[in-house]
$ cat entry02.tsv   # TSV, C-alpha atoms
chain	number	residue	atom	x	y	z
A	1	MET	CA	0.00	0.00	0.00
A	2	LYS	CA	1.40	3.35	-1.04
A	3	VAL	CA	0.51	6.34	1.10
A	4	LEU	CA	0.77	10.05	0.33
A	5	GLN	CA	1.42	12.07	3.47
A	6	ILE	CA	0.12	15.59	2.98
A	7	VAL	CA	1.56	18.01	5.51
A	8	GLU	CA	-0.32	21.29	5.75
A	9	SER	CA	-0.11	22.39	9.40
A	10	ALA	CA	3.45	23.65	9.70
A	11	TYR	CA	5.44	24.60	12.78
A	12	ARG	CA	3.00	22.97	15.12
A	13	GLY	CA	4.97	22.41	18.31
A	14	THR	CA	8.22	21.99	16.40
A	15	LEU	CA	10.40	23.75	18.97
A	16	GLU	CA	9.06	21.54	21.73
A	17	GLU	CA	9.11	18.32	19.72
A	18	GLN	CA	12.42	19.26	18.07
A	19	ASP	CA	11.04	18.21	14.70
A	20	ASP	CA	7.79	18.18	12.74
A	21	THR	CA	5.55	15.44	14.11
A	22	ILE	CA	4.37	14.17	10.70
A	23	VAL	CA	7.82	14.25	9.14
A	24	TRP	CA	8.98	12.30	12.20
A	25	LEU	CA	6.09	9.86	11.85
A	26	THR	CA	6.93	9.37	8.18
A	27	HIS	CA	10.48	8.39	9.17
A	28	CYS	CA	9.13	5.88	11.67
A	29	LEU	CA	6.65	4.38	9.21
A	30	GLN	CA	9.39	4.14	6.60
A	31	ALA	CA	11.49	2.18	9.07
A	32	ALA	CA	8.47	-0.06	9.62
A	33	GLY	CA	8.34	-0.86	5.92
A	34	ALA	CA	5.79	1.63	4.63
A	35	GLU	CA	5.86	2.89	1.05
A	36	GLN	CA	5.26	6.63	1.24
A	37	SER	CA	5.50	9.96	-0.48
A	38	VAL	CA	5.20	13.41	1.06
A	39	LEU	CA	3.39	16.46	-0.22
A	40	LEU	CA	4.12	19.76	1.52
A	41	LYS	CA	1.52	22.45	1.02
A	42	ASP	CA	0.58	25.84	2.43
A	43	ASN	CA	2.98	26.95	5.19
A	44	ALA	CA	4.66	23.53	5.25
A	45	VAL	CA	6.44	24.39	1.98
A	46	ASN	CA	8.86	26.28	4.21
A	47	TYR	CA	10.21	22.95	5.46
A	48	VAL	CA	12.37	22.47	2.36
A	49	LEU	CA	14.38	25.67	2.87
A	50	THR	CA	17.97	25.00	3.91
A	51	GLY	CA	18.73	28.40	5.43
A	52	GLU	CA	16.53	28.09	8.50
A	53	ASP	CA	18.11	28.24	11.94
A	54	SER	CA	15.92	27.68	14.98
A	55	SER	CA	18.72	27.41	17.51
A	56	GLY	CA	19.12	29.65	20.52
A	57	LEU	CA	15.99	29.01	22.55
A	58	SER	CA	16.63	29.26	26.28
A	59	PHE	CA	14.68	29.76	29.47
A	60	GLY	CA	16.75	30.58	32.52
A	61	ARG	CA	19.50	27.95	32.74
A	62	TRP	CA	17.74	25.67	30.26
A	63	GLN	CA	19.15	25.85	26.77
A	64	GLN	CA	17.93	23.99	23.73
A	65	THR	CA	20.87	21.89	22.54
A	66	HIS	CA	19.06	19.87	19.89
A	67	PRO	CA	16.83	22.31	17.99
A	68	PRO	CA	14.67	21.14	15.10
A	69	GLN	CA	16.43	20.77	11.76
A	70	ILE	CA	13.46	20.05	9.58
A	71	ALA	CA	15.20	20.57	6.24
A	72	SER	CA	17.73	17.93	7.27
A	73	GLN	CA	14.90	15.59	8.19
A	74	ILE	CA	13.36	16.20	4.76
A	75	ALA	CA	16.72	15.48	3.10
A	76	ALA	CA	16.97	12.29	5.15
A	77	LEU	CA	13.57	11.18	3.85
A	78	ILE	CA	14.74	11.74	0.28
A	79	SER	CA	17.85	9.71	0.99
A	80	LYS	CA	15.50	6.89	2.02
A	81	ASN	CA	13.84	7.10	-1.42
A	82	VAL	CA	10.76	8.90	-0.13
A	83	SER	CA	9.48	11.24	-2.81
A	84	VAL	CA	9.05	14.73	-1.32
A	85	ASN	CA	6.81	17.08	-3.28
A	86	VAL	CA	6.00	20.74	-2.80
A	87	VAL	CA	3.06	22.66	-4.22
A	88	TYR	CA	4.71	25.18	-6.54
A	89	GLU	CA	2.04	27.84	-6.20
A	90	ASP	CA	2.34	27.78	-2.39
A	91	LEU	CA	6.09	28.28	-2.71
A	92	GLU	CA	5.57	31.06	-5.24
A	93	ALA	CA	2.95	32.84	-3.14
A	94	ARG	CA	5.47	33.11	-0.32
A	95	GLY	CA	8.28	34.38	-2.56
A	96	LEU	CA	10.32	31.24	-1.95
A	97	VAL	CA	10.81	29.83	-5.44
A	98	ASP	CA	14.39	31.12	-5.70
A	99	VAL	CA	15.37	30.48	-2.07
A	100	ALA	CA	17.85	27.64	-1.46
A	101	ARG	CA	16.08	24.37	-0.78
A	102	VAL	CA	16.81	20.73	-0.15
A	103	ALA	CA	18.10	18.90	-3.24
A	104	GLY	CA	15.78	16.36	-4.75
A	105	VAL	CA	12.50	18.02	-3.81
A	106	ASN	CA	9.88	17.89	-6.57
A	107	LEU	CA	7.88	21.02	-7.38
A	108	VAL	CA	4.35	20.10	-8.36
A	109	ALA	CA	1.92	22.51	-10.02
A	110	ARG	CA	-1.49	22.54	-8.41
A	111	ARG	CA	-3.10	21.36	-11.66
A	112	ASN	CA	-1.00	18.17	-11.45
A	113	LEU	CA	-2.05	17.24	-7.91
A	114	PRO	CA	-4.86	14.88	-9.02
A	115	GLN	CA	-2.30	12.80	-10.89
A	116	LEU	CA	-0.04	12.69	-7.82
A	117	LEU	CA	-2.93	11.61	-5.61
A	118	GLU	CA	-3.93	8.94	-8.14
A	119	GLU	CA	-0.47	7.38	-7.84
A	120	HIS	CA	-1.20	6.46	-4.21
A	121	ASP	CA	-3.55	3.95	-2.62
A	122	GLN	CA	-4.31	6.20	0.33
A	123	VAL	CA	-3.97	9.91	1.02
A	124	TRP	CA	-3.38	10.97	4.60
A	125	HIS	CA	-4.00	14.68	4.97
A	126	TRP	CA	-2.60	16.09	8.21
B	1	MET	CA	3.60	46.26	37.62
B	2	LYS	CA	1.33	43.26	37.39
B	3	LEU	CA	0.57	41.40	34.19
B	4	THR	CA	-1.80	38.51	33.67
B	5	PHE	CA	-1.61	35.86	31.00
B	6	ALA	CA	-4.29	33.30	30.24
B	7	LEU	CA	-3.57	30.50	27.84
B	8	MET	CA	-5.29	27.35	26.66
B	9	ASP	CA	-2.93	25.30	24.51
B	10	PRO	CA	-1.46	22.04	25.77
B	11	PRO	CA	2.25	21.30	25.40
B	12	PHE	CA	3.72	19.89	22.19
B	13	GLU	CA	0.82	21.02	20.00
B	14	SER	CA	1.41	24.60	18.93
B	15	GLU	CA	4.15	27.20	18.60
B	16	ARG	CA	1.92	29.48	20.67
B	17	THR	CA	3.15	27.61	23.73
B	18	THR	CA	6.79	28.46	23.09
B	19	THR	CA	5.87	32.02	22.18
B	20	PHE	CA	3.96	32.33	25.45
B	21	PHE	CA	6.98	31.12	27.43
B	22	ARG	CA	9.19	33.62	25.61
B	23	LEU	CA	6.83	36.43	26.61
B	24	LEU	CA	6.84	35.08	30.15
B	25	ALA	CA	10.64	35.06	30.14
B	26	LEU	CA	10.74	38.68	29.04
B	27	ALA	CA	8.33	39.69	31.79
B	28	ALA	CA	10.32	37.68	34.33
B	29	THR	CA	13.61	39.34	33.45
B	30	ARG	CA	11.98	42.76	33.77
B	31	GLY	CA	10.84	42.04	37.29
B	32	TYR	CA	7.11	42.06	36.67
B	33	GLU	CA	4.66	40.36	38.95
B	34	VAL	CA	3.18	37.91	36.53
B	35	ASN	CA	-0.02	35.97	36.95
B	36	VAL	CA	-0.77	33.00	34.74
B	37	PHE	CA	-4.12	31.31	34.44
B	38	ALA	CA	-3.59	27.93	32.76
B	39	TYR	CA	-6.93	26.98	31.30
B	40	GLU	CA	-8.11	23.80	29.57
B	41	GLY	CA	-5.19	21.94	27.90
B	42	ALA	CA	-2.63	24.39	29.29
B	43	VAL	CA	-2.89	22.71	32.69
B	44	HIS	CA	-0.67	19.99	31.21
B	45	LEU	CA	2.21	22.49	31.06
B	46	ALA	CA	2.89	22.21	34.79
B	47	PHE	CA	2.31	18.45	35.06
B	48	ASP	CA	5.16	17.05	37.11
B	49	ARG	CA	5.33	13.63	35.48
B	50	GLN	CA	6.53	14.84	32.09
B	51	LYS	CA	9.54	12.77	31.04
B	52	PRO	CA	12.22	13.36	28.39
B	53	HIS	CA	13.01	10.72	25.80
B	54	GLY	CA	15.68	9.82	23.30
B	55	ASN	CA	14.86	9.88	19.60
B	56	SER	CA	15.74	7.03	17.26
B	57	VAL	CA	14.95	9.11	14.19
B	58	HIS	CA	17.48	11.71	15.34
B	59	GLY	CA	19.86	8.98	16.51
B	60	THR	CA	20.02	10.50	19.99
B	61	ASP	CA	19.87	9.12	23.50
B	62	VAL	CA	18.02	10.90	26.32
B	63	PRO	CA	20.85	13.30	27.37
B	64	THR	CA	21.78	14.21	23.80
B	65	GLU	CA	18.21	14.79	22.67
B	66	ASN	CA	17.69	17.03	25.72
B	67	HIS	CA	14.00	17.01	24.99
B	68	PRO	CA	12.21	20.17	26.13
B	69	LEU	CA	9.73	19.81	28.95
B	70	PRO	CA	7.43	22.76	29.64
B	71	LYS	CA	7.44	21.97	33.36
B	72	ASP	CA	11.21	22.59	33.35
B	73	TRP	CA	10.76	25.85	31.44
B	74	LEU	CA	8.18	26.93	34.00
B	75	GLN	CA	10.41	26.15	36.96
B	76	GLU	CA	13.33	27.98	35.37
B	77	LEU	CA	11.18	31.04	34.76
B	78	MET	CA	9.81	31.07	38.30
B	79	THR	CA	13.40	31.12	39.55
B	80	LEU	CA	14.35	33.77	36.99
B	81	ALA	CA	11.47	35.98	38.06
B	82	GLN	CA	12.55	35.77	41.70
B	83	GLN	CA	16.13	36.64	40.76
B	84	HIS	CA	14.86	39.82	39.09
B	85	GLY	CA	12.65	40.87	41.94
B	86	GLY	CA	9.38	39.66	40.48
B	87	ARG	CA	7.33	36.51	40.73
B	88	ILE	CA	5.18	34.17	38.70
B	89	ASP	CA	1.90	33.12	40.26
B	90	TRP	CA	0.86	30.14	38.14
B	91	VAL	CA	-2.73	29.02	38.66
B	92	ASN	CA	-4.05	25.84	37.09
B	93	CYS	CA	-7.79	25.72	36.49
B	94	GLY	CA	-8.86	23.09	39.00
B	95	LEU	CA	-11.75	21.63	37.01
B	96	CYS	CA	-9.54	21.42	33.94
B	97	VAL	CA	-6.96	19.55	36.01
B	98	ASP	CA	-9.56	17.13	37.38
B	99	GLU	CA	-11.12	16.24	34.05
B	100	ARG	CA	-7.67	15.48	32.64
B	101	GLY	CA	-6.28	13.74	35.72
B	102	VAL	CA	-3.13	15.87	35.80
B	103	ASN	CA	-3.21	16.67	39.50
B	104	GLU	CA	0.51	16.40	40.11
B	105	ALA	CA	1.78	19.88	39.28
B	106	VAL	CA	5.31	21.17	39.85
B	107	GLU	CA	6.12	22.94	43.08
B	108	GLY	CA	5.33	26.63	43.11
B	109	THR	CA	2.14	26.36	41.11
B	110	ARG	CA	-1.30	26.23	42.59
B	111	ARG	CA	-4.83	25.16	41.88
B	112	GLY	CA	-7.50	27.78	41.29
B	113	SER	CA	-10.64	28.76	39.46
B	114	PRO	CA	-11.91	31.28	36.91
B	115	GLY	CA	-12.66	33.43	39.94
B	116	ASP	CA	-8.93	33.63	40.60
B	117	PHE	CA	-8.39	34.63	37.00
B	118	TRP	CA	-10.87	37.46	37.40
B	119	LYS	CA	-9.14	38.68	40.55
B	120	MET	CA	-5.77	38.54	38.84
B	121	ALA	CA	-7.11	40.43	35.83
B	122	GLN	CA	-8.61	43.14	38.00
B	123	ALA	CA	-5.31	43.63	39.81
B	124	SER	CA	-3.22	43.78	36.64
B	125	ALA	CA	-2.18	46.59	34.33
B	126	ASN	CA	-3.09	44.42	31.39
B	127	VAL	CA	-4.20	40.92	30.40
B	128	LEU	CA	-3.10	38.88	27.43
B	129	THR	CA	-5.33	35.95	26.49
B	130	ILE	CA	-3.85	33.29	24.22
B	131	GLY	CA	-6.68	31.08	23.07
B	132	THR	CA	-6.65	27.77	21.24
B	133	ARG	CA	-7.00	27.96	17.44

$ encode --input "entry02.tsv" --output "structure tokens"
Amino acid sequence: MKVLQIVESAYRGTLEEQDDTIVWLTHCLQAAGAEQSVLLKDNAVNYVLTGEDSSGLSFGRWQQTHPPQIASQIAALISKNVSVNVVYEDLEARGLVDVARVAGVNLVARRNLPQLLEEHDQVWHW
Amino acid sequence: MKLTFALMDPPFESERTTTFFRLLALAATRGYEVNVFAYEGAVHLAFDRQKPHGNSVHGTDVPTENHPLPKDWLQELMTLAQQHGGRIDWVNCGLCVDERGVNEAVEGTRRGSPGDFWKMAQASANVLTIGTR
């Protein structure tokens, strides 16, 4: 069974969880043998940008030593042969088309989404 | 000066939680007397049985992952506030605590009611409510 993981709700507890919960879940399911692809849409398109730095959070003596590195987690998915797709128009609307991003990410025009969905047995929209 | 915050989000669900703690940190370092009314899911923030974990996806053990726990943030900020001449009076909504079974809150916090929130609001220069979305 091939599953398309659609991630729409971005930056939802990422500083506390130290990653994105669905990207993390996708890694775990991949390790469990799942066949998956990822589609990042809306604000989640930001996850493919390589220039993000979320380090530096501290409260009193507590310092975050392992901040989220979501672009690295996306790159790691690609290295595991997970197809990672981004809605082009969502990237364009945020002025991010020319910003450095993770290698191997596929840009998908909105008009081609039905075809992408058809290539999967199930679509899990988070 | 007294400030009151009311928030509703539980831990690990929204960036609003971290943003709230950053605001709290700023108020603490400026010596404000800060009241917090933790309402609904936010009562989980002070739950004393939160535990850190390692992360196999990150390839980290428990110390390396250094997983954030809001109860630790809260305790650090209560200390920080005292060091700067202020204080944090953290009140967990009692009914919200009961219905979730999170009665074991960290030391320095207390149980209260919406009535306490109203008293805190009346005594404060301003109130910031951070609702669930």

$ closest_atom_pairs --input "entry02.tsv" --of "chain A" --to "chain B" --cutoff "12 Å" --atoms "only C-alpha atoms" --output "CSV"
residue,atom,partner,partner_atom,distance
A:Ser9,CA,B:Ser14,CA,9.9
A:Ala10,CA,B:Ser14,CA,9.5
A:Tyr11,CA,B:Glu15,CA,6.5
A:Arg12,CA,B:Ser14,CA,4.4
A:Gly13,CA,B:Ser14,CA,4.2
A:Thr14,CA,B:Glu15,CA,7.0
A:Leu15,CA,B:Glu15,CA,7.1
A:Glu16,CA,B:Pro68,CA,5.6
A:Glu17,CA,B:Phe12,CA,6.1
A:Gln18,CA,B:His67,CA,7.4
A:Asp19,CA,B:His58,CA,9.2
A:Asp20,CA,B:Phe12,CA,10.4
A:Thr21,CA,B:Glu13,CA,9.4
A:Val23,CA,B:Val57,CA,10.1
A:Trp24,CA,B:Val57,CA,7.1
A:Leu25,CA,B:Val57,CA,9.2
A:Thr26,CA,B:Val57,CA,10.0
A:His27,CA,B:Val57,CA,6.8
A:Cys28,CA,B:Val57,CA,7.1
A:Leu29,CA,B:Val57,CA,10.8
A:Gln30,CA,B:Val57,CA,10.6
A:Ala31,CA,B:Val57,CA,9.3
A:Gly56,CA,B:Arg22,CA,11.8
A:Leu57,CA,B:Arg22,CA,8.8
A:Ser58,CA,B:Trp73,CA,8.5
A:Phe59,CA,B:Trp73,CA,5.9
A:Gly60,CA,B:Glu76,CA,5.2
A:Arg61,CA,B:Glu76,CA,6.7
A:Trp62,CA,B:Trp73,CA,7.1
A:Gln63,CA,B:Pro68,CA,9.0
A:Gln64,CA,B:Asn66,CA,7.2
A:Thr65,CA,B:Asn66,CA,6.6
A:His66,CA,B:Glu65,CA,5.9
A:Pro67,CA,B:Glu65,CA,9.0
A:Pro68,CA,B:His58,CA,9.8
A:Gln69,CA,B:His58,CA,9.8
A:Ile70,CA,B:His58,CA,10.9
A:Ser72,CA,B:His58,CA,10.2
A:Gln73,CA,B:His58,CA,8.5
A:Ile74,CA,B:Val57,CA,11.9
A:Ala76,CA,B:Val57,CA,9.8
A:Leu77,CA,B:Val57,CA,10.6

$ atom_distance --input "entry02.tsv" --atom1 "atom CA of Asp98 of chain B" --atom2 "atom CA of Val43 of chain B"
9.9 Å

$ atom_distance --input "entry02.tsv" --atom1 "atom CA of Glu99 of chain B" --atom2 "atom CA of Gln50 of chain B"
17.8 Å

$ residues_near_point --input "entry02.tsv" --point "(7.1, 28.2, 7.2)" --cutoff "10 Å" --atoms "only C-alpha atoms" --output "ChimeraX atom specification"
/A:9-11,42-49,52,91,94

$ residues_around --input "entry02.tsv" --residues "Ala38 of chain B" --least-positions-apart "5" --cutoff "9 Å" --atoms "only C-alpha atoms" --output "ChimeraX atom specification"
/B:5-9,43-46,90-93,96

$ residues_around --input "entry02.tsv" --residues "Leu113 of chain A" --least-positions-apart "4" --cutoff "12 Å" --atoms "only C-alpha atoms" --output "PDB file with C-alpha atoms, in the coordinates of the input"
ATOM      1  CA  LEU A   4       0.770  10.050   0.330  1.00  0.00           C
ATOM      2  CA  ILE A   6       0.120  15.590   2.980  1.00  0.00           C
ATOM      3  CA  LEU A  39       3.390  16.460  -0.220  1.00  0.00           C
ATOM      4  CA  LEU A  40       4.120  19.760   1.520  1.00  0.00           C
ATOM      5  CA  LYS A  41       1.520  22.450   1.020  1.00  0.00           C
ATOM      6  CA  ASN A  85       6.810  17.080  -3.280  1.00  0.00           C
ATOM      7  CA  VAL A  86       6.000  20.740  -2.800  1.00  0.00           C
ATOM      8  CA  VAL A  87       3.060  22.660  -4.220  1.00  0.00           C
ATOM      9  CA  TYR A  88       4.710  25.180  -6.540  1.00  0.00           C
ATOM     10  CA  GLU A  89       2.040  27.840  -6.200  1.00  0.00           C
ATOM     11  CA  LEU A 107       7.880  21.020  -7.380  1.00  0.00           C
ATOM     12  CA  VAL A 108       4.350  20.100  -8.360  1.00  0.00           C
ATOM     13  CA  ALA A 109       1.920  22.510 -10.020  1.00  0.00           C
ATOM     14  CA  LEU A 117      -2.930  11.610  -5.610  1.00  0.00           C
ATOM     15  CA  GLU A 118      -3.930   8.940  -8.140  1.00  0.00           C
ATOM     16  CA  GLU A 119      -0.470   7.380  -7.840  1.00  0.00           C
ATOM     17  CA  HIS A 120      -1.200   6.460  -4.210  1.00  0.00           C
ATOM     18  CA  VAL A 123      -3.970   9.910   1.020  1.00  0.00           C
TER      19      VAL A 123
END

$ atom_distance --input "entry02.tsv" --atom1 "atom CA of Glu92 of chain A" --atom2 "atom CA of Arg110 of chain A"
11.5 Å

$ axis_aligned_box --input "entry02.tsv" --around "segment 28-34 of chain B" --padding-each-side "3 Å" --output "JSON"
{"center_x": 8.4, "center_y": 40.2, "center_z": 36.2, "size_x": 16.4, "size_y": 11.1, "size_z": 11.5}

$ closest_residue --input "entry02.tsv" --among "A:Gln122, A:Thr50, A:Val82, A:Ala71" --to "Val99 of chain A" --atoms "all atoms listed in the file"
A:Thr50

$ closest_residue --input "entry02.tsv" --among "B:Trp118, B:Lys71, B:Arg100, B:Ile130" --to "Leu23 of chain B" --atoms "only C-alpha atoms"
B:Ile130

$ closest_residue --input "entry02.tsv" --among "A:Met1, A:Gly51, A:Val38, A:Glu8" --to "Leu96 of chain A" --atoms "only C-alpha atoms"
A:Gly51

$ closest_residue --input "entry02.tsv" --among "B:Thr4, B:Phe47, B:Glu33, B:Gly41" --to "Asn103 of chain B" --atoms "all atoms listed in the file"
B:Phe47

$ residues_around --input "entry02.tsv" --residues "Lys119 of chain B" --least-positions-apart "6" --cutoff "12 Å" --atoms "all atoms listed in the file" --output "list in words"
Lys2, Leu3, Thr4, Asn35, Val36, Phe37, Val91, Gly112, Ser113 and Val127 of chain B

$ build_atoms --input "entry02.tsv" --residues "segment 35-60 of chain B" --atoms "N, CA and C atoms" --output "JSON list (two decimals), in the coordinates of the input"
[["chain", "number", "residue", "atom", "x", "y", "z"],
["B", 35, "ASN", "N", 0.98, 36.99, 36.65],
["B", 35, "ASN", "CA", -0.02, 35.97, 36.95],
["B", 35, "ASN", "C", -0.29, 35.15, 35.69],
["B", 36, "VAL", "N", -0.43, 33.87, 35.87],
["B", 36, "VAL", "CA", -0.77, 33.00, 34.74],
["B", 36, "VAL", "C", -1.99, 32.17, 35.12],
["B", 37, "PHE", "N", -2.98, 32.20, 34.25],
["B", 37, "PHE", "CA", -4.12, 31.31, 34.44],
["B", 37, "PHE", "C", -4.07, 30.26, 33.34],
["B", 38, "ALA", "N", -3.67, 29.04, 33.71],
["B", 38, "ALA", "CA", -3.59, 27.93, 32.76],
["B", 38, "ALA", "C", -4.96, 27.28, 32.68],
["B", 39, "TYR", "N", -5.55, 27.39, 31.51],
["B", 39, "TYR", "CA", -6.93, 26.98, 31.30],
["B", 39, "TYR", "C", -6.99, 25.84, 30.30],
["B", 40, "GLU", "N", -7.92, 24.95, 30.46],
["B", 40, "GLU", "CA", -8.11, 23.80, 29.57],
["B", 40, "GLU", "C", -6.78, 23.05, 29.39],
["B", 41, "GLY", "N", -6.37, 22.79, 28.14],
["B", 41, "GLY", "CA", -5.19, 21.94, 27.90],
["B", 41, "GLY", "C", -3.90, 22.49, 28.48],
["B", 42, "ALA", "N", -3.86, 23.79, 28.76],
["B", 42, "ALA", "CA", -2.63, 24.39, 29.29],
["B", 42, "ALA", "C", -2.28, 23.89, 30.68],
["B", 43, "VAL", "N", -3.23, 23.24, 31.37],
["B", 43, "VAL", "CA", -2.89, 22.71, 32.69],
["B", 43, "VAL", "C", -1.85, 21.59, 32.60],
["B", 44, "HIS", "N", -1.70, 21.02, 31.40],
["B", 44, "HIS", "CA", -0.67, 19.99, 31.21],
["B", 44, "HIS", "C", 0.74, 20.57, 31.30],
["B", 45, "LEU", "N", 0.87, 21.88, 31.11],
["B", 45, "LEU", "CA", 2.21, 22.49, 31.06],
["B", 45, "LEU", "C", 2.97, 22.31, 32.37],
["B", 46, "ALA", "N", 2.24, 22.30, 33.47],
["B", 46, "ALA", "CA", 2.89, 22.21, 34.79],
["B", 46, "ALA", "C", 2.88, 20.79, 35.35],
["B", 47, "PHE", "N", 2.43, 19.84, 34.57],
["B", 47, "PHE", "CA", 2.31, 18.45, 35.06],
["B", 47, "PHE", "C", 3.70, 17.90, 35.39],
["B", 48, "ASP", "N", 3.84, 17.41, 36.60],
["B", 48, "ASP", "CA", 5.16, 17.05, 37.11],
["B", 48, "ASP", "C", 5.71, 15.74, 36.56],
["B", 49, "ARG", "N", 4.87, 14.95, 35.93],
["B", 49, "ARG", "CA", 5.33, 13.63, 35.48],
["B", 49, "ARG", "C", 5.77, 13.61, 34.02],
["B", 50, "GLN", "N", 5.96, 14.78, 33.44],
["B", 50, "GLN", "CA", 6.53, 14.84, 32.09],
["B", 50, "GLN", "C", 7.92, 14.21, 32.12],
["B", 51, "LYS", "N", 8.24, 13.45, 31.09],
["B", 51, "LYS", "CA", 9.54, 12.77, 31.04],
["B", 51, "LYS", "C", 10.20, 12.99, 29.67],
["B", 52, "PRO", "N", 11.51, 13.23, 29.67],
["B", 52, "PRO", "CA", 12.22, 13.36, 28.39],
["B", 52, "PRO", "C", 12.45, 11.99, 27.76],
["B", 53, "HIS", "N", 12.74, 11.99, 26.48],
["B", 53, "HIS", "CA", 13.01, 10.72, 25.80],
["B", 53, "HIS", "C", 14.11, 10.90, 24.77],
["B", 54, "GLY", "N", 14.75, 9.80, 24.41],
["B", 54, "GLY", "CA", 15.68, 9.82, 23.30],
["B", 54, "GLY", "C", 14.88, 9.81, 22.01],
["B", 55, "ASN", "N", 15.58, 9.80, 20.88],
["B", 55, "ASN", "CA", 14.86, 9.88, 19.60],
["B", 55, "ASN", "C", 15.61, 9.06, 18.55],
["B", 56, "SER", "N", 15.06, 7.92, 18.20],
["B", 56, "SER", "CA", 15.74, 7.03, 17.26],
["B", 56, "SER", "C", 15.84, 7.64, 15.87],
["B", 57, "VAL", "N", 14.88, 8.47, 15.50],
["B", 57, "VAL", "CA", 14.95, 9.11, 14.19],
["B", 57, "VAL", "C", 16.12, 10.09, 14.14],
["B", 58, "HIS", "N", 16.34, 10.78, 15.27],
["B", 58, "HIS", "CA", 17.48, 11.71, 15.34],
["B", 58, "HIS", "C", 18.78, 10.97, 15.67],
["B", 59, "GLY", "N", 18.68, 9.73, 16.09],
["B", 59, "GLY", "CA", 19.86, 8.98, 16.51],
["B", 59, "GLY", "C", 20.42, 9.47, 17.83],
["B", 60, "THR", "N", 19.55, 9.92, 18.73],
["B", 60, "THR", "CA", 20.02, 10.50, 19.99],
["B", 60, "THR", "C", 19.51, 9.70, 21.19]]
